[in-house]
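Heads up, the thing below is written out as C-alpha cells.
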Number of protein chains: 2
Amino acid sequence: MIKQNLSESQQDYLKIVLDLINEKKVARIKEIATRKDVSMPSATEAMRKLSNEGYIQYSAREFIELTAIGEKTAHRLTSKHSFLKHFFSDVLNINEDAADQEACAVEHHLSDSTLERLILLYQFLNECEKNDARTINLFKECLKAAEGGAQSSVACRNCFIAHNFPHHPGEKTLHTLLANLIRGQDGQIVMLGPDSEIRLSLIEKGLMPGSLFHMEEAGDASSPFVIQTDGCLIELDEEAAKMIEVAIEQPE
Amino acid sequence: MIKQNLSESQQDYLKIVLDLINEKKVARIKEIATRKDVSMPSATEAMRKLSNEGYIQYSAREFIELTAIGEKTAHRLTSKHSFLKHFFSDVLNINEDAADQEACAVEHHLSDSTLERLILLYQFLNECEKNDARTINLFKECLKAAEGGAQSSVACRNCFIAHNFPHHPGEKTLHTLLANLIRGQDGQIVMLGPDSEIRLSLIEKGLMPGSLFHMEEAGDASSPFVIQTDGCLIELDEEAAKMIEVAIEQPE
DNA sequence: TTGCATAATTAGGCAAGCCTAATTAACTTA
DNA sequence: TAAGTTAATTAGGCTTGCCTAATTATGCAA
C-alpha cells in the first residue's frame, strides 16, 4: 500500500498539504491547486494518489488529513527545504527568493547523507570551536568582495595567485596564471579570479576548479588564448586568462 | 529551432554523446542506449529530438556529431558535473561513487549562480590566504571525527555546547541542550551533536539547524521528550535530546 | 426552499520519455 | 555475393502529470 518513493510532484503536494493544515487548519483542493500552480483536477488526482499510497486520508469532497507517515514525510521534506534555503542564503549569501527557489529545485535530489555533510559543514563554519575566528565571517568578507565587479573586489585580489607565487612550494605542482602557459602545456584550473563578471562567464563556458586542459594556442593582448578541455576548444581573451590560476607539473 | 531548456534526460544524452565522441571518436546509438540504460529506440528518438533542436547533427543511420552549441552545452554540463563531484568528494568527503551519483542528481537543478557561490566557497576553503591554516583541513578533521560512531568522535565533542556554555555571551539568545528545556519553552536548533548515528536519525526526523520547535513534554531517562515542529509531534529519547544544541530567548 | 455561486469531480486529451515487437539496413564472412 | 549477424528504425503502447470542458455537489442568501 505504501509506495516508498514519492515523485517530485507528489512530494511537493505533500508539503503543501502540511503547510495548509498548519496555516489554515484545513487543506482544500482549491488552495492546493493555487499553491502548486496547477488546475484543480490535477490537485484532485494527486490527492487520490497520495491517499492510495497511504500518505493522506481523503475521499472525494471530504477533509484532507495527513496520516502518521504522511506527516512524518512532509515534515522531513519541509525541514530539508528550510535547511537548504538557510544554507544558500546564510552561507552562500544568495538572496532569500533565489535561495528558496534553489532549495525547491535541489531538495528532491539531495540524499540525506549528503544533507548531513552539508549540515556538518554549516556547523563547522558557524560554530566549531576550532574556528575561533568564526570562519563564516571570513568567508562572507570574501563573498562580499567577490560579488562586486572588478573595481569593488580589491580585497579579494590578495587571495589571488599573482601576489604570492608559487603557492604550495612543497608540492609537485606549480601554480601560475593560465596566461603564463605556453603552447602545448597541460594544466588544471585551481581557482577563478576576483572579477565577478569574468568569473561567471568562465563558469558558463564550463571552466572551473578541477578542469583539466591543454594549451592549444597561447594568445596575447591582441589574439585569444585557445585551450582544449573535454575535447572542446575554448577561446579566452587575455584579461580572462590572467584571471585563472592553474596548476602545472613542476618543470623538472 | 533551438530550444533553450533541455530536459534532464536530454541533458544526459548530450553529455553521453560528448563523452563517447571523446572516448571512441564516434557515438553510436547502441552505446548511448547502454550508458543511459535505456532501449535503443529510446536513444534513437532522443537523438532525433536533439537534432531537431539544434544540438547535434543526425539523420537516420548516420554519424552523430555535436553542433557548436551542442558541444558548448555538453561541455558546460560535464564541467558542472565534475565540479560538483569534486566538491562532494573533496570537501564533504563523500566516497567517489556516491559523490558521482549525487552530482548526477543535483547538477540539473543547480543554477549557475549558485554554482558560482559553491565555487567561491570551495576556493575559500582551499586557497584563500585569509585562511592561513587551510581551513579545509580543519573541516576534514571534524568530518573524520563526525563520521565515526559515538566512540570515535571524541575529538569533535569539544565543539559541542556542553563544554563551553553559554556560547555567545553577547547575543540575546542563550545556547543550551534541548534536554535542558522545560515544558512550554520555545527554541531553535543550532547544532547536532557528535554521534553520527543519532545525528542521521535526527536528520531523518527532520530536525536540523534552523528548526524551530516548542517543548511539549520534557522527558527524562525513562520517558521521551516530545517536541512540536511544523505542527508535528516528535519524540526523542534522552540521549538524542542531549545531542542537540538549541538557542532560546534570554530568560529576561 | 429554491436558486446561484463556488468548489470539486469526471471525462477525455496531450506531451515526454520510456518500453517491446517487428522490420529494415548495414556490415562481415564463408 | 549470399547468408547470417548485428545495429538501427518504425510502429504501437504505457505511465505520469498535466490540461480544458462539462458535470455534480455544496453552502449560502433571498
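Residue names in the C-alpha cells use chain letters A, B, ... in the order shown, residue numbers from 1 in each chain, and ligand numbers from 1 in the order shown.
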
What are the closest atom pairs, with distances in Å to one decimal, for all residues of chain D lying within 8 Å of chain B? Consider only C-alpha atoms (C1' of nucleotides), order rows by chain and residue number, and present the result as CSV.
```
residue,atom,partner,partner_atom,distance
D:DA7,C1',B:Lys30,CA,7.3
D:DA8,C1',B:Arg61,CA,6.5
D:DT9,C1',B:Pro41,CA,7.3
```

Using only C-alpha atoms (C1' of nucleotides), what table do you get, as CSV, when you list each residue of chain B with an atom no more than 9 Å from chain C, its nearest pair of atoms, and their distance in Å rounded to one decimal, rows by chain then rising number?
```
residue,atom,partner,partner_atom,distance
B:Ser9,CA,C:DG17,C1',8.3
B:Val38,CA,C:DC18,C1',7.8
B:Ser39,CA,C:DC19,C1',7.7
B:Pro41,CA,C:DC19,C1',9.0
B:Ser42,CA,C:DC18,C1',6.8
B:Ala46,CA,C:DG17,C1',8.9
B:Arg61,CA,C:DA25,C1',8.4
```

Restricting the output to all heavy atoms, write the selected residues as a PDB file, in the first residue's frame.
```
ATOM      1  N   SER B   9      16.653  14.627 -19.097  1.00  0.00           N
ATOM      2  CA  SER B   9      17.000  13.462 -19.886  1.00  0.00           C
ATOM      3  C   SER B   9      17.827  13.873 -21.111  1.00  0.00           C
ATOM      4  O   SER B   9      18.858  13.267 -21.418  1.00  0.00           O
ATOM      5  CB  SER B   9      15.707  12.781 -20.314  1.00  0.00           C
ATOM      6  OG  SER B   9      15.968  11.660 -21.067  1.00  0.00           O
ATOM      7  N   VAL B  38      18.865   2.642 -21.331  1.00  0.00           N
ATOM      8  CA  VAL B  38      17.534   2.642 -21.959  1.00  0.00           C
ATOM      9  C   VAL B  38      17.604   1.759 -23.206  1.00  0.00           C
ATOM     10  O   VAL B  38      18.674   1.276 -23.581  1.00  0.00           O
ATOM     11  CB  VAL B  38      17.089   4.061 -22.378  1.00  0.00           C
ATOM     12  CG1 VAL B  38      16.986   4.983 -21.184  1.00  0.00           C
ATOM     13  CG2 VAL B  38      18.025   4.645 -23.434  1.00  0.00           C
ATOM     14  N   SER B  39      16.473   1.556 -23.849  1.00  0.00           N
ATOM     15  CA  SER B  39      16.447   0.753 -25.062  1.00  0.00           C
ATOM     16  C   SER B  39      16.961   1.575 -26.242  1.00  0.00           C
ATOM     17  O   SER B  39      16.984   2.799 -26.194  1.00  0.00           O
ATOM     18  CB  SER B  39      15.028   0.300 -25.347  1.00  0.00           C
ATOM     19  OG  SER B  39      14.246   1.419 -25.680  1.00  0.00           O
ATOM     20  N   PRO B  41      15.561   2.103 -29.221  1.00  0.00           N
ATOM     21  CA  PRO B  41      14.578   3.048 -29.771  1.00  0.00           C
ATOM     22  C   PRO B  41      14.506   4.359 -28.978  1.00  0.00           C
ATOM     23  O   PRO B  41      14.343   5.428 -29.570  1.00  0.00           O
ATOM     24  CB  PRO B  41      13.269   2.279 -29.689  1.00  0.00           C
ATOM     25  CG  PRO B  41      13.659   0.861 -29.773  1.00  0.00           C
ATOM     26  CD  PRO B  41      14.981   0.763 -29.052  1.00  0.00           C
ATOM     27  N   SER B  42      14.642   4.259 -27.670  1.00  0.00           N
ATOM     28  CA  SER B  42      14.594   5.485 -26.872  1.00  0.00           C
ATOM     29  C   SER B  42      15.753   6.402 -27.241  1.00  0.00           C
ATOM     30  O   SER B  42      15.579   7.622 -27.380  1.00  0.00           O
ATOM     31  CB  SER B  42      14.674   5.157 -25.385  1.00  0.00           C
ATOM     32  OG  SER B  42      13.613   4.312 -25.023  1.00  0.00           O
ATOM     33  N   ALA B  46      15.617  10.143 -28.891  1.00  0.00           N
ATOM     34  CA  ALA B  46      16.268  11.265 -28.221  1.00  0.00           C
ATOM     35  C   ALA B  46      17.200  11.990 -29.197  1.00  0.00           C
ATOM     36  O   ALA B  46      17.252  13.225 -29.213  1.00  0.00           O
ATOM     37  CB  ALA B  46      17.035  10.778 -27.002  1.00  0.00           C
ATOM     38  N   ARG B  61      20.739   6.545 -39.248  1.00  0.00           N
ATOM     39  CA  ARG B  61      21.872   5.671 -39.590  1.00  0.00           C
ATOM     40  C   ARG B  61      23.139   6.420 -39.979  1.00  0.00           C
ATOM     41  O   ARG B  61      24.012   5.859 -40.633  1.00  0.00           O
ATOM     42  CB  ARG B  61      21.491   4.702 -40.728  1.00  0.00           C
ATOM     43  CG  ARG B  61      20.506   3.643 -40.283  1.00  0.00           C
ATOM     44  CD  ARG B  61      19.927   2.862 -41.438  1.00  0.00           C
ATOM     45  NE  ARG B  61      18.547   2.526 -41.185  1.00  0.00           N
ATOM     46  CZ  ARG B  61      18.151   1.428 -40.537  1.00  0.00           C
ATOM     47  NH1 ARG B  61      19.034   0.577 -40.113  1.00  0.00           N
ATOM     48  NH2 ARG B  61      16.876   1.199 -40.319  1.00  0.00           N
TER      49      ARG B  61
END
```

Q. Can you list every residue in segment 1-246 of chain B that DSSP puts in alpha helix (DSSP H), as a ChimeraX atom specification?
A. /B:8-24,29-36,40-52,68-86,96-107,112-127,135-147,154-157,196-204,238-241

Can I have chain B aligned to chain A? Use a least-squares fit on all Cα atoms paired in order and write it out as a JSON list (two decimals) with C-alpha atoms, in the first residue's frame.
```json
[["chain", "number", "residue", "atom", "x", "y", "z"],
["B", 1, "MET", "CA", 0.03, 0.05, 0.02],
["B", 2, "ILE", "CA", 2.77, 2.49, 0.85],
["B", 3, "LYS", "CA", 4.93, 3.36, -2.06],
["B", 4, "GLN", "CA", 8.42, 4.16, -0.85],
["B", 5, "ASN", "CA", 9.43, 6.77, -3.33],
["B", 6, "LEU", "CA", 7.17, 9.68, -3.91],
["B", 7, "SER", "CA", 7.71, 11.52, -7.15],
["B", 8, "GLU", "CA", 8.93, 15.11, -6.99],
["B", 9, "SER", "CA", 5.50, 16.34, -7.75],
["B", 10, "GLN", "CA", 3.93, 14.21, -5.04],
["B", 11, "GLN", "CA", 6.50, 15.45, -2.56],
["B", 12, "ASP", "CA", 5.52, 19.00, -3.38],
["B", 13, "TYR", "CA", 1.85, 18.25, -2.88],
["B", 14, "LEU", "CA", 2.57, 16.65, 0.44],
["B", 15, "LYS", "CA", 4.49, 19.66, 1.66],
["B", 16, "ILE", "CA", 1.73, 21.97, 0.54],
["B", 17, "VAL", "CA", -0.85, 19.93, 2.42],
["B", 18, "LEU", "CA", 1.18, 20.15, 5.62],
["B", 19, "ASP", "CA", 1.65, 23.87, 5.13],
["B", 20, "LEU", "CA", -2.02, 24.50, 4.60],
["B", 21, "ILE", "CA", -3.09, 22.42, 7.56],
["B", 22, "ASN", "CA", -0.66, 24.37, 9.72],
["B", 23, "GLU", "CA", -1.72, 27.72, 8.39],
["B", 24, "LYS", "CA", -5.43, 27.35, 7.85],
["B", 25, "LYS", "CA", -6.37, 24.23, 9.76],
["B", 26, "VAL", "CA", -7.72, 22.61, 6.61],
["B", 27, "ALA", "CA", -6.28, 21.91, 3.20],
["B", 28, "ARG", "CA", -8.66, 22.48, 0.31],
["B", 29, "ILE", "CA", -8.26, 21.40, -3.26],
["B", 30, "LYS", "CA", -8.52, 24.92, -4.52],
["B", 31, "GLU", "CA", -5.72, 26.23, -2.32],
["B", 32, "ILE", "CA", -3.55, 23.26, -3.09],
["B", 33, "ALA", "CA", -4.03, 23.86, -6.80],
["B", 34, "THR", "CA", -3.25, 27.55, -6.41],
["B", 35, "ARG", "CA", -0.04, 26.96, -4.48],
["B", 36, "LYS", "CA", 1.18, 24.31, -6.81],
["B", 37, "ASP", "CA", 0.08, 26.43, -9.74],
["B", 38, "VAL", "CA", -1.91, 23.65, -11.39],
["B", 39, "SER", "CA", -5.57, 23.13, -12.21],
["B", 40, "MET", "CA", -7.99, 21.75, -9.64],
["B", 41, "PRO", "CA", -8.44, 18.43, -11.41],
["B", 42, "SER", "CA", -4.69, 17.90, -11.20],
["B", 43, "ALA", "CA", -4.78, 18.53, -7.47],
["B", 44, "THR", "CA", -7.72, 16.17, -7.04],
["B", 45, "GLU", "CA", -5.92, 13.44, -8.87],
["B", 46, "ALA", "CA", -2.77, 13.96, -6.86],
["B", 47, "MET", "CA", -4.75, 13.69, -3.62],
["B", 48, "ARG", "CA", -6.28, 10.46, -4.79],
["B", 49, "LYS", "CA", -2.85, 9.07, -5.44],
["B", 50, "LEU", "CA", -1.34, 10.20, -2.18],
["B", 51, "SER", "CA", -4.31, 8.69, -0.48],
["B", 52, "ASN", "CA", -3.92, 5.34, -2.25],
["B", 53, "GLU", "CA", -0.30, 5.30, -1.26],
["B", 54, "GLY", "CA", -1.09, 5.91, 2.36],
["B", 55, "TYR", "CA", 0.20, 9.42, 2.89],
["B", 56, "ILE", "CA", -3.09, 11.18, 3.37],
["B", 57, "GLN", "CA", -6.66, 10.31, 4.21],
["B", 58, "TYR", "CA", -9.01, 11.53, 1.59],
["B", 59, "SER", "CA", -12.23, 10.62, -0.10],
["B", 60, "ALA", "CA", -13.99, 12.82, -2.60],
["B", 61, "ARG", "CA", -15.22, 16.10, -1.16],
["B", 62, "GLU", "CA", -14.02, 15.33, 2.32],
["B", 63, "PHE", "CA", -11.37, 16.74, 4.60],
["B", 64, "ILE", "CA", -7.81, 16.06, 3.69],
["B", 65, "GLU", "CA", -5.74, 14.78, 6.57],
["B", 66, "LEU", "CA", -2.19, 13.57, 6.81],
["B", 67, "THR", "CA", -1.58, 10.06, 8.03],
["B", 68, "ALA", "CA", 1.22, 9.47, 10.52],
["B", 69, "ILE", "CA", 3.64, 8.54, 7.79],
["B", 70, "GLY", "CA", 2.43, 11.40, 5.62],
["B", 71, "GLU", "CA", 3.06, 13.87, 8.38],
["B", 72, "LYS", "CA", 6.47, 12.47, 9.09],
["B", 73, "THR", "CA", 7.43, 12.56, 5.45],
["B", 74, "ALA", "CA", 6.04, 16.03, 4.87],
["B", 75, "HIS", "CA", 7.87, 17.36, 7.86],
["B", 76, "ARG", "CA", 11.14, 15.85, 6.79],
["B", 77, "LEU", "CA", 10.78, 17.37, 3.35],
["B", 78, "THR", "CA", 9.88, 20.76, 4.75],
["B", 79, "SER", "CA", 12.87, 20.75, 7.08],
["B", 80, "LYS", "CA", 15.19, 19.76, 4.31],
["B", 81, "HIS", "CA", 13.89, 22.62, 2.29],
["B", 82, "SER", "CA", 14.35, 25.13, 5.09],
["B", 83, "PHE", "CA", 17.82, 24.00, 5.88],
["B", 84, "LEU", "CA", 18.90, 24.23, 2.27],
["B", 85, "LYS", "CA", 17.36, 27.65, 1.94],
["B", 86, "HIS", "CA", 19.12, 28.63, 5.13],
["B", 87, "PHE", "CA", 22.41, 27.30, 3.82],
["B", 88, "PHE", "CA", 22.06, 29.05, 0.49],
["B", 89, "SER", "CA", 21.12, 32.37, 1.99],
["B", 90, "ASP", "CA", 23.23, 32.35, 5.16],
["B", 91, "VAL", "CA", 26.34, 30.65, 3.96],
["B", 92, "LEU", "CA", 26.40, 31.31, 0.25],
["B", 93, "ASN", "CA", 24.78, 34.70, 0.64],
["B", 94, "ILE", "CA", 22.18, 34.19, -2.05],
["B", 95, "ASN", "CA", 19.14, 36.43, -1.71],
["B", 96, "GLU", "CA", 16.09, 34.95, 0.02],
["B", 97, "ASP", "CA", 13.92, 34.45, -3.04],
["B", 98, "ALA", "CA", 16.61, 32.85, -5.09],
["B", 99, "ALA", "CA", 17.64, 30.71, -2.13],
["B", 100, "ASP", "CA", 14.09, 29.49, -1.78],
["B", 101, "GLN", "CA", 13.79, 28.63, -5.45],
["B", 102, "GLU", "CA", 17.13, 26.92, -5.43],
["B", 103, "ALA", "CA", 16.19, 24.87, -2.38],
["B", 104, "CYS", "CA", 13.01, 23.78, -4.17],
["B", 105, "ALA", "CA", 14.99, 22.71, -7.17],
["B", 106, "VAL", "CA", 17.59, 20.76, -5.26],
["B", 107, "GLU", "CA", 15.79, 19.32, -2.26],
["B", 108, "HIS", "CA", 14.26, 16.40, -4.11],
["B", 109, "HIS", "CA", 17.59, 15.18, -5.35],
["B", 110, "LEU", "CA", 19.91, 15.53, -2.42],
["B", 111, "SER", "CA", 20.28, 12.39, -0.34],
["B", 112, "ASP", "CA", 20.03, 12.51, 3.42],
["B", 113, "SER", "CA", 23.64, 11.55, 3.79],
["B", 114, "THR", "CA", 24.82, 14.43, 1.65],
["B", 115, "LEU", "CA", 22.48, 16.67, 3.56],
["B", 116, "GLU", "CA", 24.19, 15.52, 6.73],
["B", 117, "ARG", "CA", 27.55, 16.56, 5.34],
["B", 118, "LEU", "CA", 26.23, 19.96, 4.40],
["B", 119, "ILE", "CA", 24.90, 20.29, 7.92],
["B", 120, "LEU", "CA", 28.30, 19.41, 9.31],
["B", 121, "LEU", "CA", 29.90, 21.97, 7.05],
["B", 122, "TYR", "CA", 27.39, 24.54, 8.15],
["B", 123, "GLN", "CA", 28.03, 23.74, 11.79],
["B", 124, "PHE", "CA", 31.74, 23.79, 11.26],
["B", 125, "LEU", "CA", 31.68, 27.20, 9.62],
["B", 126, "ASN", "CA", 29.36, 28.67, 12.20],
["B", 127, "GLU", "CA", 30.15, 27.00, 15.43],
["B", 128, "CYS", "CA", 33.13, 24.75, 15.56],
["B", 129, "GLU", "CA", 35.44, 25.87, 18.33],
["B", 130, "LYS", "CA", 38.43, 25.08, 16.18],
["B", 131, "ASN", "CA", 37.37, 28.12, 14.19],
["B", 132, "ASP", "CA", 37.82, 30.61, 16.92],
["B", 133, "ALA", "CA", 37.50, 33.45, 14.48],
["B", 134, "ARG", "CA", 34.19, 32.23, 13.15],
["B", 135, "THR", "CA", 35.29, 31.21, 9.71],
["B", 136, "ILE", "CA", 31.92, 32.00, 8.26],
["B", 137, "ASN", "CA", 32.58, 35.70, 8.71],
["B", 138, "LEU", "CA", 35.83, 35.44, 6.87],
["B", 139, "PHE", "CA", 34.08, 33.71, 4.05],
["B", 140, "LYS", "CA", 31.41, 36.37, 3.95],
["B", 141, "GLU", "CA", 34.03, 39.05, 3.61],
["B", 142, "CYS", "CA", 35.42, 37.18, 0.66],
["B", 143, "LEU", "CA", 31.99, 36.76, -0.84],
["B", 144, "LYS", "CA", 31.25, 40.40, -0.47],
["B", 145, "ALA", "CA", 34.40, 41.27, -2.30],
["B", 146, "ALA", "CA", 33.77, 38.63, -4.93],
["B", 147, "GLU", "CA", 30.24, 39.74, -5.57],
["B", 148, "GLY", "CA", 31.08, 43.17, -6.87],
["B", 149, "GLY", "CA", 32.64, 43.86, -10.23],
["B", 150, "ALA", "CA", 36.35, 44.16, -10.78],
["B", 151, "GLN", "CA", 36.57, 47.53, -9.13],
["B", 152, "SER", "CA", 35.01, 46.49, -5.83],
["B", 153, "SER", "CA", 36.97, 43.35, -5.32],
["B", 154, "VAL", "CA", 40.23, 44.80, -4.22],
["B", 155, "ALA", "CA", 40.07, 42.93, -0.95],
["B", 156, "CYS", "CA", 39.90, 39.62, -2.72],
["B", 157, "ARG", "CA", 42.69, 40.23, -5.15],
["B", 158, "ASN", "CA", 45.04, 39.42, -2.32],
["B", 159, "CYS", "CA", 43.78, 35.88, -2.33],
["B", 160, "PHE", "CA", 44.78, 35.50, -5.88],
["B", 161, "ILE", "CA", 47.86, 33.80, -7.09],
["B", 162, "ALA", "CA", 49.77, 36.59, -8.78],
["B", 163, "HIS", "CA", 50.77, 38.04, -5.47],
["B", 164, "ASN", "CA", 52.17, 35.04, -3.74],
["B", 165, "PHE", "CA", 53.58, 32.72, -6.27],
["B", 166, "PRO", "CA", 54.42, 29.87, -6.18],
["B", 167, "HIS", "CA", 51.63, 28.89, -3.93],
["B", 168, "HIS", "CA", 52.45, 25.52, -2.50],
["B", 169, "PRO", "CA", 56.19, 25.11, -2.56],
["B", 170, "GLY", "CA", 56.18, 21.63, -1.09],
["B", 171, "GLU", "CA", 54.11, 20.09, -3.81],
["B", 172, "LYS", "CA", 55.00, 18.68, -7.17],
["B", 173, "THR", "CA", 52.78, 21.11, -8.96],
["B", 174, "LEU", "CA", 53.44, 24.74, -9.57],
["B", 175, "HIS", "CA", 50.71, 27.34, -9.53],
["B", 176, "THR", "CA", 50.63, 30.12, -12.07],
["B", 177, "LEU", "CA", 48.21, 32.00, -14.28],
["B", 178, "LEU", "CA", 46.75, 30.43, -17.34],
["B", 179, "ALA", "CA", 48.03, 33.41, -19.28],
["B", 180, "ASN", "CA", 51.60, 32.39, -18.50],
["B", 181, "LEU", "CA", 51.45, 28.97, -20.11],
["B", 182, "ILE", "CA", 52.95, 28.28, -23.49],
["B", 183, "ARG", "CA", 51.47, 26.31, -26.33],
["B", 184, "GLY", "CA", 51.37, 22.61, -25.66],
["B", 185, "GLN", "CA", 51.38, 22.71, -21.88],
["B", 186, "ASP", "CA", 48.81, 20.84, -19.83],
["B", 187, "GLY", "CA", 47.25, 22.20, -16.69],
["B", 188, "GLN", "CA", 44.40, 22.06, -14.26],
["B", 189, "ILE", "CA", 42.31, 25.00, -13.13],
["B", 190, "VAL", "CA", 42.70, 25.67, -9.42],
["B", 191, "MET", "CA", 40.91, 28.93, -8.87],
["B", 192, "LEU", "CA", 38.94, 31.61, -10.66],
["B", 193, "GLY", "CA", 39.91, 35.20, -10.06],
["B", 194, "PRO", "CA", 38.21, 38.09, -8.36],
["B", 195, "ASP", "CA", 36.22, 39.73, -11.13],
["B", 196, "SER", "CA", 32.68, 38.51, -10.81],
["B", 197, "GLU", "CA", 31.61, 39.13, -14.38],
["B", 198, "ILE", "CA", 34.55, 37.28, -15.85],
["B", 199, "ARG", "CA", 34.18, 34.54, -13.29],
["B", 200, "LEU", "CA", 30.58, 33.91, -14.25],
["B", 201, "SER", "CA", 31.42, 33.90, -17.92],
["B", 202, "LEU", "CA", 34.12, 31.32, -17.28],
["B", 203, "ILE", "CA", 31.70, 29.16, -15.37],
["B", 204, "GLU", "CA", 29.22, 29.41, -18.21],
["B", 205, "LYS", "CA", 31.92, 28.19, -20.53],
["B", 206, "GLY", "CA", 32.44, 25.23, -18.26],
["B", 207, "LEU", "CA", 35.75, 26.35, -16.81],
["B", 208, "MET", "CA", 36.01, 25.85, -13.06],
["B", 209, "PRO", "CA", 38.31, 24.45, -10.39],
["B", 210, "GLY", "CA", 39.29, 20.94, -11.35],
["B", 211, "SER", "CA", 39.02, 21.37, -15.11],
["B", 212, "LEU", "CA", 41.91, 19.79, -17.00],
["B", 213, "PHE", "CA", 43.03, 21.48, -20.18],
["B", 214, "HIS", "CA", 45.66, 21.64, -22.87],
["B", 215, "MET", "CA", 47.01, 24.95, -24.14],
["B", 216, "GLU", "CA", 46.32, 24.88, -27.84],
["B", 217, "GLU", "CA", 47.32, 28.40, -28.72],
["B", 218, "ALA", "CA", 48.89, 30.91, -26.35],
["B", 219, "GLY", "CA", 47.44, 34.32, -27.02],
["B", 220, "ASP", "CA", 48.30, 37.85, -26.05],
["B", 221, "ALA", "CA", 46.68, 41.25, -25.88],
["B", 222, "SER", "CA", 45.57, 41.04, -29.48],
["B", 223, "SER", "CA", 44.87, 37.36, -30.14],
["B", 224, "PRO", "CA", 42.88, 34.98, -27.93],
["B", 225, "PHE", "CA", 44.18, 32.07, -25.94],
["B", 226, "VAL", "CA", 42.76, 28.77, -27.14],
["B", 227, "ILE", "CA", 42.55, 25.86, -24.75],
["B", 228, "GLN", "CA", 41.14, 22.39, -25.09],
["B", 229, "THR", "CA", 39.10, 20.70, -22.39],
["B", 230, "ASP", "CA", 36.95, 17.67, -22.80],
["B", 231, "GLY", "CA", 37.68, 17.68, -26.48],
["B", 232, "CYS", "CA", 36.27, 21.16, -26.88],
["B", 233, "LEU", "CA", 38.17, 24.25, -27.95],
["B", 234, "ILE", "CA", 37.54, 27.35, -25.90],
["B", 235, "GLU", "CA", 38.75, 30.85, -26.60],
["B", 236, "LEU", "CA", 39.74, 33.26, -23.85],
["B", 237, "ASP", "CA", 40.87, 36.83, -24.03],
["B", 238, "GLU", "CA", 43.93, 37.93, -22.15],
["B", 239, "GLU", "CA", 41.99, 39.51, -19.31],
["B", 240, "ALA", "CA", 40.22, 36.22, -18.60],
["B", 241, "ALA", "CA", 43.40, 34.21, -19.00],
["B", 242, "LYS", "CA", 45.01, 36.34, -16.31],
["B", 243, "MET", "CA", 42.11, 35.61, -14.01],
["B", 244, "ILE", "CA", 42.60, 31.86, -13.89],
["B", 245, "GLU", "CA", 44.99, 30.20, -11.50],
["B", 246, "VAL", "CA", 46.22, 26.87, -12.79],
["B", 247, "ALA", "CA", 48.40, 24.05, -11.54],
["B", 248, "ILE", "CA", 51.03, 22.62, -13.85],
["B", 249, "GLU", "CA", 53.56, 19.86, -13.45],
["B", 250, "GLN", "CA", 56.81, 21.07, -11.91],
["B", 251, "PRO", "CA", 59.09, 21.67, -14.94],
["B", 252, "GLU", "CA", 61.68, 19.14, -13.78]]
```

Q. Got a sec to tell me which of segment 181-229 of chain A DSSP assigns to strand (DSSP E or B), as number ranges by chain?
A. A: 186-192, 212-217, 225-229
